[in-house]
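Novice: This is protein05.txt (compact mmCIF, C-alpha atoms).
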```
# COMPACT_ATOMS: atom_id res chain seq x y z
CA MET A 1 4.88 -3.22 -37.41
CA SER A 2 1.46 -3.45 -39.09
CA ASN A 3 -0.28 -3.72 -35.72
CA ASP A 4 1.33 -0.47 -34.59
CA ALA A 5 1.07 1.60 -37.78
CA ALA A 6 -2.43 2.93 -37.11
CA TYR A 7 -1.56 3.85 -33.50
CA ILE A 8 1.62 5.63 -34.61
CA ASP A 9 -0.35 7.60 -37.21
CA ARG A 10 -2.90 8.64 -34.58
CA PHE A 11 -0.14 9.64 -32.17
CA LEU A 12 1.60 11.80 -34.78
CA GLU A 13 -1.74 13.37 -35.71
CA MET A 14 -2.20 14.31 -32.06
CA MET A 15 1.36 15.70 -31.80
CA ALA A 16 0.82 17.85 -34.87
CA ALA A 17 -2.44 19.26 -33.53
CA GLU A 18 -1.72 19.54 -29.81
CA SER A 19 1.93 20.53 -29.77
CA GLY A 20 2.28 22.06 -33.21
CA ALA A 21 5.21 19.73 -33.80
CA SER A 22 7.27 20.51 -36.90
CA GLN A 23 7.58 18.08 -39.79
CA ASN A 24 11.15 17.30 -38.73
CA THR A 25 10.01 16.49 -35.20
CA LEU A 26 7.19 14.29 -36.48
CA SER A 27 9.60 12.48 -38.79
CA ALA A 28 11.96 11.85 -35.86
CA TYR A 29 9.11 10.45 -33.76
CA ARG A 30 7.99 8.22 -36.61
CA SER A 31 11.51 6.93 -37.18
CA ASP A 32 12.04 6.16 -33.48
CA LEU A 33 8.67 4.44 -33.10
CA GLU A 34 8.84 2.42 -36.30
CA GLN A 35 12.35 1.29 -35.40
CA ALA A 36 11.22 0.27 -31.91
CA SER A 37 8.21 -1.53 -33.38
CA SER A 38 10.45 -3.51 -35.72
CA ILE A 39 12.61 -4.61 -32.77
CA ALA A 40 9.71 -5.44 -30.43
CA LYS A 41 8.58 -9.04 -30.09
CA GLY A 42 4.93 -8.50 -30.89
CA ALA A 43 3.06 -5.20 -31.09
CA LEU A 44 4.76 -2.16 -29.59
CA SER A 45 1.31 -1.02 -28.50
CA ALA A 46 1.04 -4.09 -26.24
CA ILE A 47 4.64 -4.19 -25.02
CA ASP A 48 5.54 -4.83 -21.36
CA GLN A 49 8.49 -3.65 -19.27
CA SER A 50 10.62 -6.61 -20.26
CA GLY A 51 10.04 -5.84 -23.92
CA LEU A 52 11.01 -2.19 -23.40
CA GLN A 53 14.21 -3.27 -21.67
CA ASP A 54 15.04 -5.45 -24.68
CA ILE A 55 14.58 -2.45 -26.98
CA ALA A 56 16.67 -0.21 -24.73
CA ALA A 57 19.44 -2.80 -24.76
CA THR A 58 19.90 -2.13 -28.50
CA TRP A 59 20.76 1.50 -27.70
CA SER A 60 23.91 0.65 -25.72
CA ASP A 61 26.27 2.16 -28.30
CA LEU A 62 24.31 5.40 -28.68
CA LYS A 63 25.10 8.74 -27.06
CA ASN A 64 23.01 9.90 -24.11
CA ASN A 65 21.12 12.51 -26.11
CA SER A 66 20.07 9.89 -28.68
CA VAL A 67 18.96 7.50 -25.94
CA ALA A 68 17.05 10.32 -24.25
CA ARG A 69 15.25 11.17 -27.50
CA LYS A 70 14.29 7.56 -28.22
CA SER A 71 13.10 7.07 -24.64
CA SER A 72 11.08 10.26 -24.86
CA SER A 73 9.46 9.14 -28.12
CA LEU A 74 8.40 5.83 -26.59
CA ARG A 75 7.22 7.44 -23.34
CA ARG A 76 5.03 9.92 -25.14
CA PHE A 77 3.65 7.23 -27.42
CA LEU A 78 2.82 4.87 -24.55
CA GLY A 79 1.39 7.74 -22.51
CA PHE A 80 -0.83 8.62 -25.48
CA LEU A 81 -2.09 5.02 -25.68
CA VAL A 82 -3.01 5.08 -21.98
CA GLU A 83 -4.55 8.55 -22.16
CA GLU A 84 -6.73 7.56 -25.09
CA GLY A 85 -7.74 4.24 -23.53
CA PHE A 86 -5.93 2.02 -26.06
CA ARG A 87 -4.09 0.23 -23.27
CA GLU A 88 -4.53 0.07 -19.50
CA ASP A 89 -1.00 0.36 -18.16
CA ASP A 90 2.09 2.43 -18.88
CA PRO A 91 5.27 0.33 -18.68
CA SER A 92 7.57 3.20 -19.65
CA ASP A 93 9.28 3.32 -16.24
CA ALA A 94 11.44 0.51 -17.65
CA LEU A 95 13.00 2.90 -20.15
CA PRO A 96 16.32 4.60 -19.36
CA ARG A 97 16.37 8.24 -18.24
CA PRO A 98 19.81 9.56 -19.14
CA GLY A 99 20.16 12.83 -17.28
CA GLY A 100 16.41 13.39 -17.16
CA GLN A 101 13.37 13.01 -14.96
CA ARG A 102 9.85 11.85 -15.64
CA SER A 103 8.03 14.61 -17.47
CA LEU A 104 5.08 16.20 -15.72
CA PRO A 105 1.82 17.15 -17.39
CA LYS A 106 1.31 20.77 -18.36
CA ILE A 107 -1.07 22.52 -16.00
CA LEU A 108 -3.13 25.69 -16.08
CA SER A 109 -3.53 28.06 -13.15
CA HIS A 110 -6.92 28.87 -11.70
CA GLU A 111 -6.52 32.38 -13.08
CA GLU A 112 -5.93 31.06 -16.62
CA ILE A 113 -8.99 28.82 -16.35
CA ALA A 114 -11.00 31.85 -15.18
CA ARG A 115 -9.86 33.82 -18.27
CA LEU A 116 -10.98 30.98 -20.55
CA PHE A 117 -14.45 30.90 -19.00
CA ALA A 118 -14.71 34.70 -18.99
CA THR A 119 -14.07 34.64 -22.75
CA ILE A 120 -16.71 31.95 -23.21
CA GLU A 121 -19.21 33.96 -21.15
CA ALA A 122 -18.53 37.05 -23.23
CA GLY A 123 -19.50 35.13 -26.35
CA LEU A 124 -22.69 33.87 -24.73
CA GLU A 125 -23.66 37.36 -23.58
CA SER A 126 -23.26 39.02 -26.99
CA VAL A 127 -26.29 40.55 -28.69
CA LYS A 128 -26.46 37.73 -31.21
CA VAL A 129 -25.19 34.48 -29.72
CA ARG A 130 -23.65 32.17 -32.33
CA ALA A 131 -24.16 28.42 -32.28
CA LYS A 132 -20.41 27.86 -32.18
CA ASP A 133 -20.19 29.89 -28.95
CA VAL A 134 -22.82 27.65 -27.37
CA ARG A 135 -20.93 24.58 -28.57
CA LEU A 136 -17.67 25.95 -27.17
CA ALA A 137 -19.26 26.37 -23.74
CA ALA A 138 -20.48 22.76 -23.78
CA LEU A 139 -17.09 21.43 -24.93
CA VAL A 140 -15.04 23.24 -22.29
CA GLU A 141 -17.51 22.55 -19.48
CA LEU A 142 -17.19 18.83 -20.21
CA LEU A 143 -13.41 18.88 -20.64
CA TYR A 144 -12.62 20.85 -17.49
CA GLY A 145 -15.72 19.93 -15.49
CA SER A 146 -15.65 16.17 -16.06
CA GLY A 147 -12.11 15.43 -17.23
CA LEU A 148 -13.12 13.61 -20.39
CA ARG A 149 -10.52 12.43 -22.87
CA ALA A 150 -10.65 14.24 -26.20
CA SER A 151 -11.71 11.04 -27.98
CA GLU A 152 -14.47 10.42 -25.42
CA LEU A 153 -15.79 13.96 -25.72
CA VAL A 154 -16.04 14.23 -29.50
CA SER A 155 -17.77 10.86 -29.78
CA LEU A 156 -20.42 11.44 -27.09
CA PRO A 157 -23.87 10.28 -28.25
CA ARG A 158 -26.43 13.05 -28.53
CA LYS A 159 -28.52 11.60 -25.72
CA SER A 160 -25.61 10.93 -23.36
CA VAL A 161 -26.42 13.90 -21.11
CA MET A 162 -29.84 13.67 -19.47
CA ALA A 163 -31.49 16.55 -17.60
CA ASP A 164 -32.35 14.29 -14.65
CA ARG A 165 -29.07 12.34 -14.51
CA PRO A 166 -26.01 13.95 -12.85
CA PHE A 167 -23.50 11.68 -14.53
CA LEU A 168 -22.33 10.36 -17.89
CA ILE A 169 -21.77 6.71 -18.73
CA ILE A 170 -18.54 6.67 -20.69
CA LYS A 171 -17.62 3.60 -22.69
CA GLY A 172 -13.88 3.33 -23.16
CA LYS A 173 -11.77 0.98 -25.23
CA GLY A 174 -12.50 -2.69 -24.76
CA GLY A 175 -16.11 -1.88 -23.87
CA LYS A 176 -15.21 -0.77 -20.32
CA GLU A 177 -17.71 1.63 -18.82
CA ARG A 178 -17.29 4.21 -16.07
CA LEU A 179 -19.55 6.78 -14.44
CA VAL A 180 -18.41 10.40 -14.76
CA PRO A 181 -20.18 13.04 -12.65
CA ILE A 182 -21.36 16.08 -14.56
CA SER A 183 -22.03 19.41 -12.87
CA ASP A 184 -25.28 21.33 -13.06
CA ARG A 185 -23.62 24.09 -15.09
CA ALA A 186 -22.19 21.54 -17.54
CA ARG A 187 -25.60 19.94 -17.98
CA HIS A 188 -27.09 23.39 -18.56
CA ALA A 189 -24.42 24.18 -21.16
CA VAL A 190 -24.97 20.86 -22.92
CA LYS A 191 -28.75 21.32 -22.91
CA LYS A 192 -28.37 24.72 -24.58
CA TRP A 193 -26.10 23.20 -27.22
CA ALA A 194 -28.38 20.19 -27.76
CA ASP A 195 -31.12 22.62 -28.85
CA HIS A 196 -28.89 23.36 -31.88
CA VAL A 197 -28.48 19.67 -32.77
CA GLU A 198 -31.07 17.83 -34.83
CA PRO A 199 -32.97 15.24 -32.72
CA ASP A 200 -32.03 12.38 -35.04
CA GLU A 201 -28.27 13.12 -34.92
CA LYS A 202 -26.19 10.27 -33.54
CA TYR A 203 -23.56 12.45 -31.89
CA LEU A 204 -23.76 15.40 -29.51
CA PHE A 205 -21.05 17.20 -31.50
CA PRO A 206 -21.78 16.19 -35.11
CA SER A 207 -19.86 17.04 -38.25
CA ARG A 208 -20.45 16.45 -41.93
CA THR A 209 -18.63 13.12 -41.76
CA GLY A 210 -19.71 11.86 -38.35
CA HIS A 211 -18.63 13.63 -35.18
CA LEU A 212 -16.30 16.55 -34.46
CA SER A 213 -12.71 15.43 -35.03
CA ARG A 214 -10.04 15.54 -32.35
CA ILE A 215 -7.96 17.75 -34.64
CA ARG A 216 -10.80 20.28 -34.90
CA LEU A 217 -11.27 20.15 -31.11
CA PHE A 218 -7.58 21.01 -30.64
CA GLN A 219 -7.98 23.96 -33.01
CA ILE A 220 -11.09 25.22 -31.19
CA ILE A 221 -9.37 25.09 -27.79
CA LYS A 222 -6.23 26.86 -29.05
CA ASP A 223 -8.36 29.57 -30.65
CA LEU A 224 -10.13 30.07 -27.32
CA ALA A 225 -6.76 30.38 -25.56
CA SER A 226 -5.62 33.09 -27.97
CA LYS A 227 -8.78 35.10 -27.37
CA ALA A 228 -8.42 34.66 -23.60
CA SER A 229 -4.75 35.78 -23.58
CA VAL A 230 -3.59 32.33 -22.50
CA ASN A 231 -0.50 31.00 -24.24
CA PRO A 232 -1.90 28.63 -26.93
CA THR A 233 1.23 26.46 -26.78
CA LYS A 234 0.43 25.38 -23.24
CA ILE A 235 -3.19 24.42 -23.76
CA SER A 236 -5.02 21.52 -25.42
CA PRO A 237 -7.96 19.24 -24.58
CA HIS A 238 -5.48 17.03 -22.68
CA VAL A 239 -4.24 19.99 -20.67
CA LEU A 240 -7.82 20.84 -19.64
CA ARG A 241 -8.19 17.22 -18.52
CA HIS A 242 -4.96 17.63 -16.54
CA ALA A 243 -6.33 20.86 -15.03
CA PHE A 244 -9.48 18.98 -13.97
CA ALA A 245 -7.30 16.42 -12.18
CA THR A 246 -4.78 18.77 -10.57
CA HIS A 247 -7.38 21.23 -9.34
CA LEU A 248 -9.49 18.43 -7.86
CA LEU A 249 -6.42 17.10 -6.07
CA GLU A 250 -5.59 20.57 -4.79
CA GLY A 251 -9.13 20.75 -3.43
CA GLY A 252 -8.62 17.58 -1.39
CA ALA A 253 -9.81 14.84 -3.74
CA ASP A 254 -8.72 11.31 -2.90
CA LEU A 255 -6.23 9.81 -5.36
CA ARG A 256 -8.31 6.64 -5.75
CA ALA A 257 -11.42 8.69 -6.50
CA LEU A 258 -9.43 10.67 -9.05
CA GLN A 259 -8.26 7.41 -10.64
CA THR A 260 -11.88 6.36 -11.10
CA LEU A 261 -12.93 9.73 -12.52
CA LEU A 262 -10.10 9.71 -15.05
CA GLY A 263 -10.64 6.09 -16.03
CA HIS A 264 -7.07 5.04 -15.20
CA SER A 265 -6.72 1.29 -14.69
CA ASP A 266 -3.35 1.71 -12.97
CA ILE A 267 -3.00 4.01 -9.94
CA SER A 268 0.60 4.78 -10.97
CA THR A 269 -0.78 6.66 -13.98
CA THR A 270 -2.82 8.87 -11.64
CA GLN A 271 0.05 9.45 -9.21
CA ILE A 272 1.73 11.81 -11.68
CA TYR A 273 -0.76 14.43 -10.52
CA THR A 274 0.52 14.39 -6.94
CA HIS A 275 3.28 16.78 -8.06
CA VAL A 276 0.81 19.64 -7.93
CA ASP A 277 0.42 19.23 -4.19
CA SER A 278 4.12 19.72 -3.50
CA ALA A 279 4.04 23.52 -3.63
CA ARG A 280 0.89 23.61 -1.53
CA LEU A 281 2.43 21.29 1.06
CA VAL A 282 5.58 23.39 1.30
CA GLU A 283 3.43 26.47 1.81
CA LEU A 284 1.40 24.60 4.42
CA VAL A 285 4.50 23.66 6.41
CA ASN A 286 5.96 27.16 6.20
CA ASN A 287 2.76 28.96 7.14
CA ARG A 288 1.03 26.51 9.48
CA HIS A 289 3.71 24.56 11.30
CA PRO A 290 4.62 26.13 14.68
CA LEU A 291 8.35 26.07 13.92
CA GLY A 292 7.75 27.63 10.52
CA ARG A 293 5.81 30.51 12.06
CA ASP A 294 8.39 30.85 14.84
CA HIS A 295 11.20 31.15 12.30
CA LEU A 296 9.37 33.85 10.37
CA SER A 297 8.73 35.87 13.52
CA ARG A 298 12.41 36.10 14.42
```
Translate this structure into C-alpha cells?

Specialist:
Amino acid sequence: MSNDAAYIDRFLEMMAAESGASQNTLSAYRSDLEQASSIAKGALSAIDQSGLQDIAATWSDLKNNSVARKSSSLRRFLGFLVEEGFREDDPSDALPRPGGQRSLPKILSHEEIARLFATIEAGLESVKVRAKDVRLAALVELLYGSGLRASELVSLPRKSVMADRPFLIIKGKGGKERLVPISDRARHAVKKWADHVEPDEKYLFPSRTGHLSRIRLFQIIKDLASKASVNPTKISPHVLRHAFATHLLEGGADLRALQTLLGHSDISTTQIYTHVDSARLVELVNNRHPLGRDHLSR
C-alpha cells in the first residue's frame, strides 16, 4: 500500500480539482483504491492485466453496480497514471464492464474553443493588460496548441521555449524525452509572458513555492470557461489536451503521429481518440457516397 499512497493522493487531488468531486465521492474512490492496493501482489501503480484479473476475482459476490464502481475507480486511477506519465501502459481492459462501455474523453467543440480564445483576446486587448491575462494566453496556447499534460506545462523551465526553435523538448517520467511542436502564435504568447518573469526564475510559470500548481491551473481554466460561457464542468487542462488530439485527428492527423505528440508509449491509449471520427465518417458516407446521395434525391 505504501508504494501507492502518494499516487492515490495525487489522483484524488486531481479529481477534486478537475471534476469537483464531492467528499463522499473522493472517500469512495480512496476506499476502492486502497482496498485494491491491499489485494494486489506488489504496487497497484505497477499492476498488469493478470493482477487486475486477480483483484476482480475477489468481487464475484458483489452486485453489478458495486463491481462497476470499483472497476471505474481503478480505470480512472490507471488512466490518470498513464496521462501523467507515471506508467507507460494502461492494463484496465482486463477489468470487468458490467453493463457498461469504455468511457470516452470529454471533448470541446471548435465553437467552444473559439469562445475561450475570444475571451483571452478580449483580456489582451483591454486598455490596461494584466500580467495574469498574458499568462493565461501562454497557458492555453500550450495546452491546446501542443497538447501538454498539466504536470508538464506547470513545470516547464523558463528557457524551454526559444524564439528560434519551433518545438519543445519535454522530459517525462523516467527521464524519457519527446519533441513537441509549438506554433508561432504559442511562441509569441510565451515570449510576451516571459517578459513578466524574472530572468533568474527556474520555471516559466513560477509561484511563491516553486512553479504554478496543477490545482491552480485547474482553477484558472475553469474560471476562463465561466467567462467564455463554456460549461466549467466539462473543461479542464486534460480536456484541452483531449481537444488538441481530437481536433488534430479530425484534421487528418495520423494516429501514430498523434501518439508521438501526446507521449503515449502504447498506441491503444491513443486509439481512444478515434471515436471522434465516427460522426465525421458517417457524414462522409451520407453526403459523399453515390448511393447516399441517390437515396437523398429520391

Novice: Counting all atoms listed in the file, which residues in range 183-236 of chain A sit no more than 9 Å from range 132-146 of chain A? For each one, give the nearest pair of atoms and the distance in Å, sorted by chain then residue number, as CSV.

Specialist:
```
residue,atom,partner,partner_atom,distance
A:Ser183,CA,A:Gly145,CA,6.9
A:Arg185,CA,A:Glu141,CA,7.7
A:Ala186,CA,A:Glu141,CA,5.2
A:Arg187,CA,A:Ala138,CA,8.2
A:His188,CA,A:Ala138,CA,8.4
A:Ala189,CA,A:Ala138,CA,4.9
A:Val190,CA,A:Ala138,CA,5.0
A:Lys191,CA,A:Ala138,CA,8.4
A:Lys192,CA,A:Val134,CA,6.9
A:Trp193,CA,A:Arg135,CA,5.5
A:Ala194,CA,A:Arg135,CA,8.7
A:His196,CA,A:Val134,CA,8.7
A:Phe205,CA,A:Arg135,CA,7.9
A:Leu217,CA,A:Leu139,CA,8.6
A:Ile220,CA,A:Leu136,CA,7.7
A:Ile221,CA,A:Val140,CA,8.1
A:Leu224,CA,A:Leu136,CA,8.6
```

Novice: Please produce a file of those selected residues containing C-alpha atoms, as a short mmCIF file (atom, residue, chain, number, x, y, z; two decimals), in the frame of the given file.

Specialist:
```cif
data_model
loop_
_atom_site.label_atom_id
_atom_site.label_comp_id
_atom_site.auth_asym_id
_atom_site.auth_seq_id
_atom_site.Cartn_x
_atom_site.Cartn_y
_atom_site.Cartn_z
CA SER A 183 -22.03 19.41 -12.87
CA ARG A 185 -23.62 24.09 -15.09
CA ALA A 186 -22.19 21.54 -17.54
CA ARG A 187 -25.60 19.94 -17.98
CA HIS A 188 -27.09 23.39 -18.56
CA ALA A 189 -24.42 24.18 -21.16
CA VAL A 190 -24.97 20.86 -22.92
CA LYS A 191 -28.75 21.32 -22.91
CA LYS A 192 -28.37 24.72 -24.58
CA TRP A 193 -26.10 23.20 -27.22
CA ALA A 194 -28.38 20.19 -27.76
CA HIS A 196 -28.89 23.36 -31.88
CA PHE A 205 -21.05 17.20 -31.50
CA LEU A 217 -11.27 20.15 -31.11
CA ILE A 220 -11.09 25.22 -31.19
CA ILE A 221 -9.37 25.09 -27.79
CA LEU A 224 -10.13 30.07 -27.32
#
```

Novice: Find the smallest box with edges along x, y and z containing every listed atom of range 154-164 of chain A, then add 8 Å on each side and report centre and edge lengths in Å to one decimal, as JSON.

Specialist:
```
{"center_x": -24.2, "center_y": 13.4, "center_z": -22.2, "size_x": 32.3, "size_y": 22.3, "size_z": 31.1}
```

Novice: Would you please work out which residue, of A:Leu249, A:Ile55, A:Ala257, A:Val230, is nearest to Ala118 in chain A when using all atoms listed in the file?

Specialist: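 Closest residue, counting all atoms listed in the file: A:Val230.
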
Novice: Just to confirm, what's the straight-line distance from CA of Arg76 in chain A to CA of Leu168 in chain A in Å (one decimal)?

Specialist: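 These two atoms are separated by 28.3 Å.
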
Novice: Of the candidates A:Pro98, A:Tyr203, A:Pro166, A:Ser226, which one gets nearest to Leu62 in chain A if we count all atoms listed in the file?

Specialist: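 Using all atoms listed in the file, Leu62 in chain A sits closest to A:Pro98.
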